[in-house]
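Novice: Data: my_file-v3.txt, compact mmCIF, C-alpha atoms.
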```
# COMPACT_ATOMS: atom_id res chain seq x y z
CA ARG Q 9 -22.53 12.77 7.98
CA LEU Q 10 -24.94 9.93 8.82
CA LYS Q 11 -24.57 10.80 12.49
CA ASP Q 12 -25.46 14.45 11.80
CA THR Q 13 -28.49 13.39 9.77
CA LEU Q 14 -29.75 11.08 12.53
CA GLN Q 15 -29.20 13.79 15.13
CA GLY Q 16 -31.18 16.20 12.98
CA TRP Q 17 -34.07 13.73 12.75
CA VAL Q 18 -34.01 13.13 16.50
CA ARG Q 19 -34.11 16.88 17.12
CA LEU Q 20 -37.08 17.21 14.74
CA ILE Q 21 -38.89 14.35 16.48
CA LEU Q 22 -38.31 15.68 19.98
CA SER Q 23 -39.13 19.29 19.05
CA ASP Q 24 -42.71 18.48 18.05
CA LYS Q 25 -45.25 17.10 20.52
CA ASP Q 26 -47.01 14.81 18.02
CA SER Q 27 -43.76 13.38 16.66
CA ARG Q 28 -42.45 12.89 20.19
CA ASN Q 29 -45.63 11.06 21.25
CA LEU Q 30 -45.44 8.91 18.12
CA PHE Q 31 -41.83 7.96 18.80
CA PHE Q 32 -42.32 6.94 22.43
CA PHE Q 33 -45.54 5.05 21.73
CA LEU Q 34 -43.75 3.25 18.88
CA LEU Q 35 -41.14 1.99 21.36
CA LEU Q 36 -43.85 0.92 23.85
CA ASN Q 37 -45.90 -0.79 21.14
CA PHE Q 38 -42.92 -2.66 19.72
CA SER Q 39 -41.83 -3.94 23.13
CA PHE Q 40 -45.29 -5.19 24.09
CA ALA Q 41 -45.80 -6.86 20.70
CA PHE Q 42 -42.95 -9.24 21.57
CA VAL Q 43 -44.62 -10.04 24.91
CA GLU Q 44 -47.97 -10.73 23.22
CA LEU Q 45 -46.43 -12.91 20.51
CA SER Q 46 -44.55 -15.00 23.07
CA TYR Q 47 -47.65 -15.51 25.20
CA GLY Q 48 -49.82 -16.20 22.16
CA MET Q 49 -47.51 -18.99 20.99
CA TRP Q 50 -47.35 -20.38 24.54
CA THR Q 51 -51.14 -20.39 24.97
CA ASN Q 52 -51.95 -21.30 21.33
CA SER Q 53 -54.34 -18.34 21.06
CA LEU Q 54 -55.02 -16.98 17.58
CA GLY Q 55 -56.53 -13.88 19.16
CA LEU Q 56 -53.29 -13.09 20.98
CA ILE Q 57 -51.01 -14.07 18.08
CA SER Q 58 -53.04 -12.06 15.54
CA ASP Q 59 -53.13 -9.10 17.92
CA ALA Q 60 -49.33 -9.33 18.30
CA PHE Q 61 -48.82 -9.37 14.51
CA HIS Q 62 -51.27 -6.52 14.25
CA MET Q 63 -49.14 -4.61 16.76
CA PHE Q 64 -46.04 -5.29 14.64
CA PHE Q 65 -47.92 -3.92 11.62
CA ASP Q 66 -48.90 -0.99 13.80
CA CYS Q 67 -45.24 -0.37 14.45
CA SER Q 68 -44.65 -0.08 10.71
CA GLY Q 69 -47.68 2.20 10.49
CA LEU Q 70 -46.43 4.30 13.39
CA LEU Q 71 -43.01 4.41 11.74
CA ALA Q 72 -44.58 5.58 8.46
CA GLY Q 73 -46.52 8.23 10.37
CA LEU Q 74 -43.39 9.34 12.19
CA ALA Q 75 -41.43 9.59 8.92
CA ALA Q 76 -44.26 11.53 7.29
CA SER Q 77 -44.51 13.94 10.23
CA ILE Q 78 -40.78 14.69 9.82
CA ILE Q 79 -40.95 15.03 6.03
CA THR Q 80 -43.84 17.52 6.19
CA LYS Q 81 -41.54 19.94 8.02
CA TRP Q 82 -38.95 20.02 5.24
CA SER Q 83 -38.77 23.41 3.52
CA PRO Q 84 -39.97 23.98 -0.06
CA ASN Q 85 -37.32 24.12 -2.78
CA GLU Q 86 -37.15 24.81 -6.51
CA ARG Q 87 -38.24 21.25 -7.35
CA TYR Q 88 -40.86 20.80 -4.61
CA THR Q 89 -42.29 24.30 -4.62
CA TYR Q 90 -45.19 23.40 -2.32
CA GLY Q 91 -42.84 21.71 0.11
CA TYR Q 92 -43.45 18.17 1.36
CA VAL Q 93 -46.74 18.72 3.16
CA ARG Q 94 -48.46 16.02 1.09
CA ALA Q 95 -46.36 13.40 2.87
CA GLU Q 96 -49.14 13.38 5.48
CA ILE Q 97 -51.61 12.15 2.84
CA LEU Q 98 -49.22 9.40 1.73
CA GLY Q 99 -48.68 8.45 5.37
CA GLY Q 100 -52.43 8.12 5.92
CA PHE Q 101 -52.83 6.11 2.71
CA VAL Q 102 -50.02 3.68 3.63
CA ASN Q 103 -51.47 3.22 7.12
CA GLY Q 104 -54.89 2.54 5.63
CA LEU Q 105 -53.51 -0.14 3.29
CA LEU Q 106 -51.61 -1.79 6.17
CA LEU Q 107 -54.75 -1.89 8.31
CA MET Q 108 -56.78 -3.38 5.46
CA PHE Q 109 -54.16 -6.11 4.98
CA VAL Q 110 -54.23 -6.88 8.71
CA SER Q 111 -58.03 -7.20 8.70
CA PHE Q 112 -57.94 -9.66 5.76
CA PHE Q 113 -55.19 -11.70 7.46
CA ILE Q 114 -57.04 -11.94 10.78
CA PHE Q 115 -60.36 -12.82 9.11
CA ALA Q 116 -58.83 -15.57 6.96
CA GLU Q 117 -57.08 -17.15 9.95
CA ALA Q 118 -60.22 -16.86 12.07
CA VAL Q 119 -62.35 -18.65 9.46
CA GLU Q 120 -59.82 -21.47 9.30
CA ARG Q 121 -59.81 -21.85 13.07
CA ALA Q 122 -63.61 -21.66 13.29
CA MET Q 123 -63.77 -24.83 11.19
CA GLU Q 124 -61.60 -26.68 13.69
CA PRO Q 125 -61.36 -24.77 16.98
CA PRO Q 126 -58.01 -25.63 18.64
CA GLU Q 127 -57.44 -26.11 22.35
CA VAL Q 128 -56.54 -22.73 23.82
CA LYS Q 129 -54.88 -22.24 27.21
CA HIS Q 130 -57.33 -19.51 28.16
CA GLU Q 131 -56.22 -19.26 31.78
CA ARG Q 132 -52.98 -17.60 30.62
CA LEU Q 133 -54.63 -15.13 28.27
CA PHE Q 134 -56.40 -12.77 30.60
CA VAL Q 135 -53.45 -11.01 32.24
CA VAL Q 136 -51.57 -10.35 28.98
CA SER Q 137 -54.69 -9.20 27.13
CA VAL Q 138 -55.53 -6.78 29.95
CA LEU Q 139 -51.97 -5.41 29.83
CA GLY Q 140 -52.34 -4.96 26.06
CA PHE Q 141 -55.62 -3.15 26.61
CA ILE Q 142 -53.92 -0.76 29.07
CA VAL Q 143 -51.08 -0.06 26.59
CA ASN Q 144 -53.61 0.82 23.89
CA LEU Q 145 -55.64 2.99 26.27
CA ILE Q 146 -52.46 4.95 26.91
CA GLY Q 147 -52.09 5.42 23.15
CA ILE Q 148 -55.71 6.56 22.75
CA PHE Q 149 -55.33 9.05 25.61
CA VAL Q 150 -52.03 10.42 24.29
CA PHE Q 151 -53.18 10.91 20.70
CA GLN Q 152 -56.66 12.18 21.52
CA HIS Q 153 -55.85 14.50 24.39
CA GLY Q 154 -52.11 15.08 24.21
CA GLY Q 155 -51.64 15.36 20.47
CA GLY Q 156 -51.92 19.08 19.97
CA GLY Q 157 -55.67 19.42 20.02
CA HIS Q 158 -56.82 16.80 17.53
CA GLY Q 159 -60.46 16.12 17.06
CA HIS Q 160 -60.80 12.52 16.02
CA SER Q 161 -63.52 11.37 13.69
CA HIS Q 162 -64.25 7.75 12.95
CA GLY Q 163 -65.52 6.60 9.61
CA GLY Q 164 -63.61 9.14 7.61
CA GLY Q 165 -63.71 12.44 9.42
CA GLY Q 166 -60.54 14.41 9.65
CA HIS Q 167 -58.62 16.10 12.38
CA GLY Q 168 -55.67 18.37 12.13
CA HIS Q 169 -53.38 20.93 13.60
CA SER Q 170 -51.14 23.71 12.40
CA HIS Q 171 -47.42 24.06 13.06
CA GLY Q 172 -46.68 27.76 12.83
CA GLY Q 173 -48.34 28.67 9.54
CA HIS Q 174 -46.49 30.99 7.19
CA SER Q 175 -47.72 33.13 4.36
CA HIS Q 176 -46.20 34.60 1.25
CA GLY Q 177 -47.14 38.18 0.55
CA ASP Q 178 -50.29 39.54 2.14
CA THR Q 179 -53.04 37.09 3.07
CA ASP Q 180 -55.75 39.66 2.59
CA ASP Q 181 -54.52 41.88 -0.23
CA HIS Q 182 -54.34 40.36 -3.67
CA GLU Q 183 -52.31 41.21 -6.67
CA GLY Q 184 -53.32 41.73 -10.26
CA HIS Q 185 -50.90 42.15 -13.12
CA SER Q 186 -51.17 41.97 -16.85
CA HIS Q 187 -49.17 39.99 -19.41
CA ASN Q 188 -50.06 40.51 -23.07
CA GLY Q 189 -53.67 41.29 -22.37
CA VAL Q 190 -54.20 38.55 -19.80
CA SER Q 191 -54.30 39.53 -16.14
CA HIS Q 192 -53.40 37.17 -13.33
CA GLY Q 193 -54.10 37.52 -9.66
CA HIS Q 194 -53.09 35.31 -6.80
CA SER Q 195 -53.54 35.06 -3.06
CA HIS Q 196 -51.46 33.11 -0.61
CA GLY Q 197 -52.95 31.94 2.65
CA GLY Q 198 -50.99 30.41 5.51
CA HIS Q 199 -49.55 26.97 4.91
CA SER Q 200 -50.93 24.57 7.49
CA HIS Q 201 -48.45 21.84 8.24
CA GLY Q 202 -50.97 19.59 9.86
CA GLY Q 203 -50.97 15.89 10.47
CA SER Q 204 -54.62 15.02 10.07
CA GLN Q 205 -54.16 12.03 7.78
CA ILE Q 206 -51.08 10.90 9.68
CA MET Q 207 -52.70 11.16 13.08
CA GLU Q 208 -55.99 9.68 11.92
CA GLY Q 209 -54.13 6.66 10.56
CA VAL Q 210 -52.18 6.29 13.80
CA PHE Q 211 -55.33 6.68 15.88
CA LEU Q 212 -57.16 4.04 13.85
CA HIS Q 213 -54.22 1.67 14.34
CA ILE Q 214 -54.41 2.15 18.10
CA LEU Q 215 -58.20 1.86 18.09
CA ALA Q 216 -57.97 -1.41 16.16
CA ASP Q 217 -55.39 -2.67 18.66
CA THR Q 218 -57.72 -1.77 21.51
CA LEU Q 219 -60.53 -3.71 19.84
CA GLY Q 220 -58.16 -6.66 19.48
CA SER Q 221 -57.35 -6.60 23.18
CA VAL Q 222 -61.05 -6.35 24.09
CA GLY Q 223 -61.77 -9.33 21.80
CA VAL Q 224 -59.10 -11.45 23.50
CA ILE Q 225 -60.43 -10.51 26.95
CA ILE Q 226 -64.01 -11.44 25.98
CA SER Q 227 -62.98 -14.71 24.33
CA SER Q 228 -60.83 -15.73 27.31
CA ILE Q 229 -63.77 -15.11 29.68
CA LEU Q 230 -66.14 -17.13 27.45
CA MET Q 231 -63.65 -19.98 27.21
CA TYR Q 232 -62.98 -19.96 30.96
CA TYR Q 233 -66.61 -19.96 32.13
CA PHE Q 234 -68.40 -21.72 29.26
CA ASN Q 235 -65.58 -23.65 27.57
CA TRP Q 236 -66.53 -22.07 24.21
CA MET Q 237 -63.32 -22.62 22.26
CA ILE Q 238 -64.96 -21.17 19.15
CA ALA Q 239 -65.17 -17.80 20.91
CA ASP Q 240 -61.52 -17.09 20.00
CA PRO Q 241 -61.95 -17.19 16.18
CA ILE Q 242 -65.41 -15.57 16.32
CA CYS Q 243 -64.06 -12.59 18.29
CA SER Q 244 -61.19 -12.36 15.79
CA MET Q 245 -63.70 -12.18 12.90
CA PHE Q 246 -65.59 -9.32 14.54
CA ILE Q 247 -62.32 -7.49 15.19
CA ALA Q 248 -61.27 -7.92 11.54
CA ILE Q 249 -64.61 -6.56 10.29
CA LEU Q 250 -64.43 -3.56 12.65
CA ILE Q 251 -60.87 -2.78 11.52
CA PHE Q 252 -61.91 -2.97 7.87
CA LEU Q 253 -64.91 -0.67 8.36
CA SER Q 254 -62.94 1.86 10.41
CA VAL Q 255 -60.27 2.29 7.74
CA LEU Q 256 -62.57 2.84 4.74
CA GLY Q 257 -63.06 6.53 5.47
CA LEU Q 258 -59.33 7.19 5.81
CA LEU Q 259 -58.57 5.43 2.52
CA ARG Q 260 -61.37 7.25 0.72
CA ASN Q 261 -60.16 10.65 1.92
CA SER Q 262 -56.53 9.88 1.06
CA VAL Q 263 -57.37 8.62 -2.43
CA GLU Q 264 -59.61 11.61 -3.17
CA ILE Q 265 -56.87 14.06 -2.18
CA LEU Q 266 -54.21 12.20 -4.18
CA LEU Q 267 -56.53 12.18 -7.22
CA GLN Q 268 -57.11 15.95 -6.83
CA ARG Q 269 -60.84 15.67 -6.19
CA THR Q 270 -62.63 18.90 -5.36
CA PRO Q 271 -62.94 18.91 -1.55
CA ARG Q 272 -66.28 17.46 -0.46
CA GLU Q 273 -66.92 20.34 1.91
CA LEU Q 274 -66.86 22.73 -1.07
CA ASP Q 275 -69.36 20.77 -3.19
CA PRO Q 276 -72.46 22.59 -1.86
CA VAL Q 277 -70.91 26.09 -1.77
CA LEU Q 278 -68.93 26.42 -5.01
CA PRO Q 279 -71.97 26.94 -7.31
CA GLY Q 280 -73.04 29.88 -5.13
CA CYS Q 281 -69.50 31.32 -5.28
CA TYR Q 282 -69.48 31.09 -9.08
CA GLN Q 283 -72.83 32.90 -9.18
CA ARG Q 284 -71.52 35.69 -6.94
CA VAL Q 285 -68.45 36.12 -9.15
CA ARG Q 286 -70.60 36.34 -12.30
CA MET Q 287 -72.53 39.19 -10.68
CA LEU Q 288 -69.38 41.32 -10.29
CA PRO Q 289 -69.31 44.38 -12.63
CA GLY Q 290 -67.52 43.56 -15.87
CA VAL Q 291 -67.46 39.74 -15.43
CA PHE Q 292 -68.97 37.84 -18.38
CA SER Q 293 -68.27 34.23 -17.46
CA VAL Q 294 -66.44 31.85 -15.11
CA GLN Q 295 -64.23 29.22 -16.78
CA GLU Q 296 -61.66 26.53 -16.00
CA GLN Q 297 -62.36 26.35 -12.28
CA HIS Q 298 -60.19 23.86 -10.36
CA PHE Q 299 -60.04 23.32 -6.60
CA TRP Q 300 -58.07 20.69 -4.72
CA THR Q 301 -56.67 19.89 -1.28
CA LEU Q 302 -52.93 20.36 -0.93
CA CYS Q 303 -52.81 19.06 2.65
CA THR Q 304 -55.05 19.19 5.70
CA ASP Q 305 -57.05 22.42 5.87
CA HIS Q 306 -55.23 23.91 2.88
CA VAL Q 307 -57.40 24.18 -0.23
CA VAL Q 308 -55.88 25.59 -3.42
CA GLY Q 309 -57.90 26.92 -6.34
CA ASN Q 310 -57.48 28.19 -9.89
CA ILE Q 311 -60.13 30.06 -11.85
CA LYS Q 312 -60.33 31.91 -15.18
CA LEU Q 313 -62.69 34.84 -15.66
CA GLU Q 314 -63.79 36.38 -18.94
CA VAL Q 315 -64.11 40.11 -18.25
CA SER Q 316 -64.71 43.39 -20.05
CA SER Q 317 -61.63 45.22 -21.29
CA ALA Q 318 -62.94 48.31 -19.48
CA SER Q 319 -63.34 46.59 -16.11
CA ASP Q 320 -61.27 47.22 -12.98
CA ALA Q 321 -58.92 44.21 -12.90
CA ARG Q 322 -57.67 44.78 -9.34
CA TYR Q 323 -61.21 45.11 -7.98
CA ILE Q 324 -62.37 41.90 -9.70
CA VAL Q 325 -59.36 39.94 -8.42
CA GLN Q 326 -59.82 41.24 -4.86
CA GLN Q 327 -63.55 40.50 -4.75
CA THR Q 328 -63.18 37.06 -6.37
CA THR Q 329 -60.48 36.07 -3.90
CA HIS Q 330 -62.55 37.33 -0.98
CA ILE Q 331 -65.56 35.28 -2.12
CA PHE Q 332 -63.58 32.03 -2.24
CA LYS Q 333 -61.55 32.72 0.90
CA SER Q 334 -64.85 33.09 2.78
CA VAL Q 335 -65.63 29.39 2.08
CA GLY Q 336 -62.19 28.10 3.07
CA VAL Q 337 -59.99 28.41 -0.02
CA LYS Q 338 -56.56 29.38 1.34
CA GLN Q 339 -54.72 29.97 -1.93
CA LEU Q 340 -56.41 31.16 -5.13
CA TYR Q 341 -55.02 31.95 -8.59
CA VAL Q 342 -57.26 34.19 -10.70
CA GLN Q 343 -56.69 34.61 -14.44
CA LEU Q 344 -58.50 37.44 -16.24
CA ASP Q 345 -59.17 37.11 -19.97
CA PHE Q 346 -60.12 40.51 -21.38
CA THR Q 347 -62.69 40.68 -24.17
CA THR Q 348 -64.76 43.35 -25.92
CA MET Q 349 -68.01 41.35 -26.19
```
What does this structure look like when you write it as structure tokens?
Specialist:
Amino acid sequence: RLKDTLQGWVRLILSDKDSRNLFFFLLLNFSFAFVELSYGMWTNSLGLISDAFHMFFDCSGLLAGLAASIITKWSPNERYTYGYVRAEILGGFVNGLLLMFVSFFIFAEAVERAMEPPEVKHERLFVVSVLGFIVNLIGIFVFQHGGGGHGHSHGGGGHGHSHGGHSHGDTDDHEGHSHNGVSHGHSHGGHSHGGSQIMEGVFLHILADTLGSVGVIISSILMYYFNWMIADPICSMFIAILIFLSVLGLLRNSVEILLQRTPRELDPVLPGCYQRVRMLPGVFSVQEQHFWTLCTDHVVGNIKLEVSSASDARYIVQQTTHIFKSVGVKQLYVQLDFTTM
């Protein structure tokens, strides 16, 4: 049974381009991390040792991203009715926390070494750091250009893709039905099984690795030509700060989605939508409006309308759903509360 499960996972990984890229880059990253660690201990370079440990942490981040990319493809069931698409948000959050831990670790070690700069065998650093830089450039190229059309955004922007969206019912027609005087309508848009948070976390890991390699290259040059032994810890400090700043946006987005915050992109448009709904014939008021992000590019909403008992329920549900779909809400639940006021 375990063999069948593993074979199923391997098939899932190899069937998807992003998962396949993640898997092979994970193997490459893990192998080179051992090379960097060995050379770092031989040359006594904090830059190389910290970059090697960072690559090991990257492997755990890549592994988390790989697991999340597999889990998001699992089908919905009676307990997880939305499926497992939110695994991508958890994957991005875990990667963000790992990167933040790495930045604190590198900065603390760099401060300690800045107080007493050790003797570093800089002549051995250059070749390995250049090789590390090439490995990370491969990762950047693969995940920016070969990852299914991602658009990467640094400082918190998202990027995503869709794996064969599916819809329940009709994505344009909307239903209205009445239960004991209260009418409910709902619309189902296509489920986007994207990997924005996963792939952004992975990309930030690789970007941070690339910065680490650049820092080691610069410090080795400064130590070789100017004998500035303090260049190693100073470059490590800058790398740690850059890693910390790059991950803030990913963590903020992940936390906001997990806490069910109204999507930021809807903040300026929702008041106008509410106003348009209030202007529909027979609508008295808009109540209990809730909008949240289920996963990348899939916004879900719930709204209650107080309407006249003589109004056309189907028309109100159709028009309300159309208004919110026009601003990016993929799935909307409309509740009509009939009144005689």
Novice: For CA of Pro84 in chain Q and CA of Leu302 in chain Q, determine how far apart the two atoms are, in Å to one decimal place.
Specialist: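 We find that CA of Pro84 in chain Q and CA of Leu302 in chain Q lie 13.5 Å from each other.
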Novice: Nearest to Leu259 in chain Q: which of Q:Asp320, Q:Glu117, Q:Glu273, Q:Glu208 is it, counting all atoms listed in the file?
Specialist: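 Of Q:Asp320, Q:Glu117, Q:Glu273, Q:Glu208, the one nearest Leu259 in chain Q, counting all atoms listed in the file, is Q:Glu208.
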Novice: Enter the distance from CA of Val255 in chain Q to CA of Ser227 in chain Q, in Å, rounded to one decimal.
Specialist: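 A separation of 23.9 Å between them.
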Novice: Suppose you want the space between CA of Trp236 in chain Q and CA of Phe112 in chain Q; what is it in Å?
Specialist: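 Taking CA of Trp236 in chain Q as the start and CA of Phe112 in chain Q as the end point, the length is 23.8 Å.
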Novice: Find the residues near Ile21 in chain Q: any atom within 10 Å, counting only C-alpha atoms, skip ones fewer than 3 places away on the same chain, and give them as a compact mmCIF listing (two decimals) with C-alpha atoms, keeping the file's coordinate frame.
Specialist:
```txt
# COMPACT_ATOMS: atom_id res chain seq x y z
CA GLN Q 15 -29.20 13.79 15.13
CA GLY Q 16 -31.18 16.20 12.98
CA TRP Q 17 -34.07 13.73 12.75
CA VAL Q 18 -34.01 13.13 16.50
CA ASP Q 24 -42.71 18.48 18.05
CA LYS Q 25 -45.25 17.10 20.52
CA ASP Q 26 -47.01 14.81 18.02
CA SER Q 27 -43.76 13.38 16.66
CA ARG Q 28 -42.45 12.89 20.19
CA ASN Q 29 -45.63 11.06 21.25
CA LEU Q 30 -45.44 8.91 18.12
CA PHE Q 31 -41.83 7.96 18.80
CA LEU Q 74 -43.39 9.34 12.19
CA ALA Q 75 -41.43 9.59 8.92
CA SER Q 77 -44.51 13.94 10.23
CA ILE Q 78 -40.78 14.69 9.82
```
Novice: Just the residues within 9 Å of Gly223 in chain Q, please, counting only C-alpha atoms, with nothing from its chain fewer than 3 positions along; format it as a ChimeraX atom specification.
Specialist: /Q:55,137,218-220,226-228,240,243-244,246-247
Novice: Return the single residue from Q:Lys312, Q:His213, Q:Lys11, Q:His330 that is closest to Val294 in chain Q, with distances computed using all atoms listed in the file.
Specialist: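 Going through Q:Lys312, Q:His213, Q:Lys11, Q:His330 one by one, the smallest distance to Val294 in chain Q is for Q:Lys312.
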Novice: For a cut-off of 12 Å around (-62.0, -2.6, 17.1), file coordinates, pick out all residues using all atoms listed in the file and list them as JSON, numbers by chain.
Specialist: {"Q": [59, 62, 107, 111, 141, 144, 162, 211, 212, 213, 214, 215, 216, 217, 218, 219, 220, 221, 222, 223, 224, 243, 244, 245, 246, 247, 248, 249, 250, 251, 252, 253, 254, 255]}
Novice: Please determine, counting only C-alpha atoms, which residue among Q:Gln283, Q:Asn310, Q:Asn235, Q:Ser23 has the shortest atom-to-atom distance to Val337 in chain Q.
Specialist: Q:Asn310
Novice: Could you name the residues that touch Met287 in chain Q at 12 Å or less, counting all atoms listed in the file, but leaving out those on the same chain fewer than 5 positions away, as a list in words?
Specialist: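 Final neighbour list, sorted by chain and number: Gly280, Cys281, Tyr282, Phe292, Ser293, Val294, Leu313, Val315, Ile324, Gln327, Thr328 and Ile331 of chain Q.
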Novice: Which residue out of Q:Asp66, Q:Leu71, Q:Pro241, Q:Ile57 has the minimum interatomic distance to Ala116 in chain Q when all atoms listed in the file are used?
Specialist: Q:Pro241
Novice: Restricting the calculation to all atoms listed in the file: of Q:Val93, Q:Arg121, Q:Leu98, Q:Leu139, which residue gets closest to Val43 in chain Q?
Specialist: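 When distances to Val43 in chain Q are compared using all atoms listed in the file, the smallest one comes from Q:Leu139.
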Novice: Using all atoms listed in the file, pick whichever of Q:Ile311, Q:Val277, Q:Ala321, Q:Val102 has the shortest atom-to-atom distance to Val342 in chain Q.
Specialist: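 Ranked by minimum distance to Val342 in chain Q, first place goes to Q:Ile311.
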